[in-house]
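> Dropping the structure in here first, questions after.
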Amino acid sequence: MNTKQLPVKAPDPRAELMELRERMNKAKEATPEDMHRLRQVIVSTPHFWPVATQTANVIREQLIEKMSSGITRSHLLAEVDILKKQFGYDAAPVLERLLIDHILTARLRLLHAENYYNNVVVNQSITFAFGEYWNGVLSSAQKRFLRAIETLAKVRRLARNTPALQINIAQRGGNRRSANDA
Amino acid sequence: MGWEQRGSRRYYYRKKRRAGKVRSEYIGAGPVAELWASIDESEHQEHAVKRNADRRTRQAEAEIDRQLDDLESAIVSITAATLCAAGFHNHKGQWRKKRP
């Protein structure tokens, strides 16, 4: 008889995170247990942060590859670096870095959509449906960019008076940093 | 495409959809009709190539948007969770600090 135990399926931290968030948003007063559990989930899943940043970088690279070649690519990459600096990426806390990365990705998506829209809609004869489709792509890219900027602005405003935005970003061990640390 | 047999001869008709109905437009028979048929055929092929290219473009764009949607939802979750854990709550879309 095979006595080997099947591995216990670990709960999906992202699903738990979403569930907790939803429950706390619905409740008028979040329970201290939920607050504590949420904090634990965030602290115990530091891998979420680099994954999100890496995903943003991969999408950005794909977009840059699609949009440009040679000199234009160098210009775009340089522009991304300049904007990163202007947003204060190096000195920003972890959460803000994530949001800055997202803004840069959303901005490239917008540039890509605008570029394509100009080439396809303005310079060529196309069907009404295709033109409408590109209008939709462009407007959704604009909305996404705006949302990304607004999120960073909100977080920066809230973080001004809240030194307690603390997140453990270490892969192992207890290298805990405040989200407001440089 | 639009060749129709009438007795021993073949005649070329161009099919067009107008107001939801397909209408046949007589073009002719013989070498002139052959020429028109080949022109129509090449136009048809050109449209098919363009349609395929458009479909591929749409698929690629949809894939980028899907990835960005996933990323955005992850970032929203992380941001909201971090704010909740720091003692904020969402009141009608506005983040507020819990009163002590």
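So you can find residues: chains in the structure tokens are A, B, ... in the order shown, residues in each start at 1, and ligands are numbered from 1 in order.
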Could you pull out all residues of segment 4-43 of chain B with a DSSP call of helix (DSSP H, G or I) and give them as a PyMOL selection string?

chain B and resi 30-43

> With only C-alpha atoms considered, list every residue of chain B at most 12 Å from chain A, as a compact mmCIF listing (two decimals) with C-alpha atoms, in the first residue's frame.


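Below is the file out-v3.txt, written as the result:
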```txt
# COMPACT_ATOMS: atom_id res chain seq x y z
CA HIS B 47 -8.55 41.96 -49.02
CA LYS B 50 -5.24 42.64 -45.29
CA ARG B 51 -7.97 41.09 -43.14
CA ALA B 53 -2.92 41.14 -41.06
CA ASP B 54 -5.57 43.19 -39.20
CA ARG B 55 -6.63 40.14 -37.23
CA THR B 57 -2.51 43.00 -35.19
CA ARG B 58 -5.66 42.91 -33.07
CA ALA B 60 -1.10 41.10 -30.62
CA GLU B 61 -2.65 44.29 -29.21
CA ALA B 62 -5.16 42.30 -27.15
CA GLU B 63 -2.31 40.20 -25.73
CA ILE B 64 -0.42 43.36 -24.64
CA ASP B 65 -3.59 44.74 -23.05
CA ARG B 66 -4.27 41.44 -21.30
CA GLN B 67 -0.77 41.44 -19.78
CA LEU B 68 -1.16 45.07 -18.73
CA ASP B 69 -4.58 44.32 -17.19
CA ASP B 70 -3.08 41.47 -15.16
CA LEU B 71 -0.21 43.68 -14.04
CA GLU B 72 -2.55 46.52 -13.14
CA SER B 73 -4.84 44.27 -11.10
CA ALA B 74 -1.82 42.87 -9.21
CA ILE B 75 -0.54 46.40 -8.52
CA VAL B 76 -3.97 47.59 -7.38
CA SER B 77 -4.19 44.61 -5.01
CA ILE B 78 -0.72 45.20 -3.60
CA THR B 79 -1.31 48.94 -3.19
CA ALA B 80 -4.71 48.48 -1.54
CA ALA B 81 -3.43 45.73 0.72
CA THR B 82 -0.44 47.83 1.78
CA LEU B 83 -2.67 50.79 2.54
CA CYS B 84 -5.13 48.60 4.49
CA ALA B 85 -2.28 47.13 6.49
CA ALA B 86 -1.00 50.65 7.23
CA GLY B 87 -4.34 51.55 8.78
CA PHE B 88 -6.18 53.14 5.86
CA HIS B 89 -9.63 52.19 4.65
CA ASN B 90 -11.42 52.85 1.41
CA HIS B 91 -14.44 55.08 1.81
CA LYS B 92 -16.38 55.45 -1.46
CA GLY B 93 -13.19 55.27 -3.51
CA GLN B 94 -11.27 57.57 -1.20
CA TRP B 95 -8.51 56.27 1.04
CA ARG B 96 -8.81 57.56 4.61
CA LYS B 97 -6.79 57.00 7.72
CA LYS B 98 -8.63 55.13 10.44
CA ARG B 99 -9.40 57.30 13.47
```

> To one decimal place, how far is atom CA of Arg6 of chain B from atom CA of Ala37 of chain B in Å?

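Taking atom CA of Arg6 of chain B as the start and atom CA of Ala37 of chain B as the end point, the length is 17.2 Å.
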
> When you count only C-alpha atoms, which of these residues is closest to Ala33 of chain B: B:Asn52, B:Gln45, B:Tyr13, B:Ser8?

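Smallest separation from Ala33 of chain B among the options: B:Tyr13.
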
> Contacts of Glu25 of chain B at 12 Å or less, counting only C-alpha atoms, minus same-chain residues fewer than 3 places along, as a ChimeraX atom specification?

/B:2-4,11-18,22,28

> Can you measure atom CA of Leu76 of chain A to atom CA of Glu132 of chain A for me? One decimal in Å is fine.

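Those two atoms sit 27.8 Å apart.
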
> Could you pull out all residues of chain B with a DSSP call of strand (DSSP E or B) and give them as an MDAnalysis selection string?

chainID B and resid 3:6 9:18 21:28 88:91 94:97

> Hey, can you check how far atom CA of Ala91 of chain A sits from atom CA of Ser74 of chain A?

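If I compute the distance from atom CA of Ala91 of chain A to atom CA of Ser74 of chain A, I get 24.5 Å.
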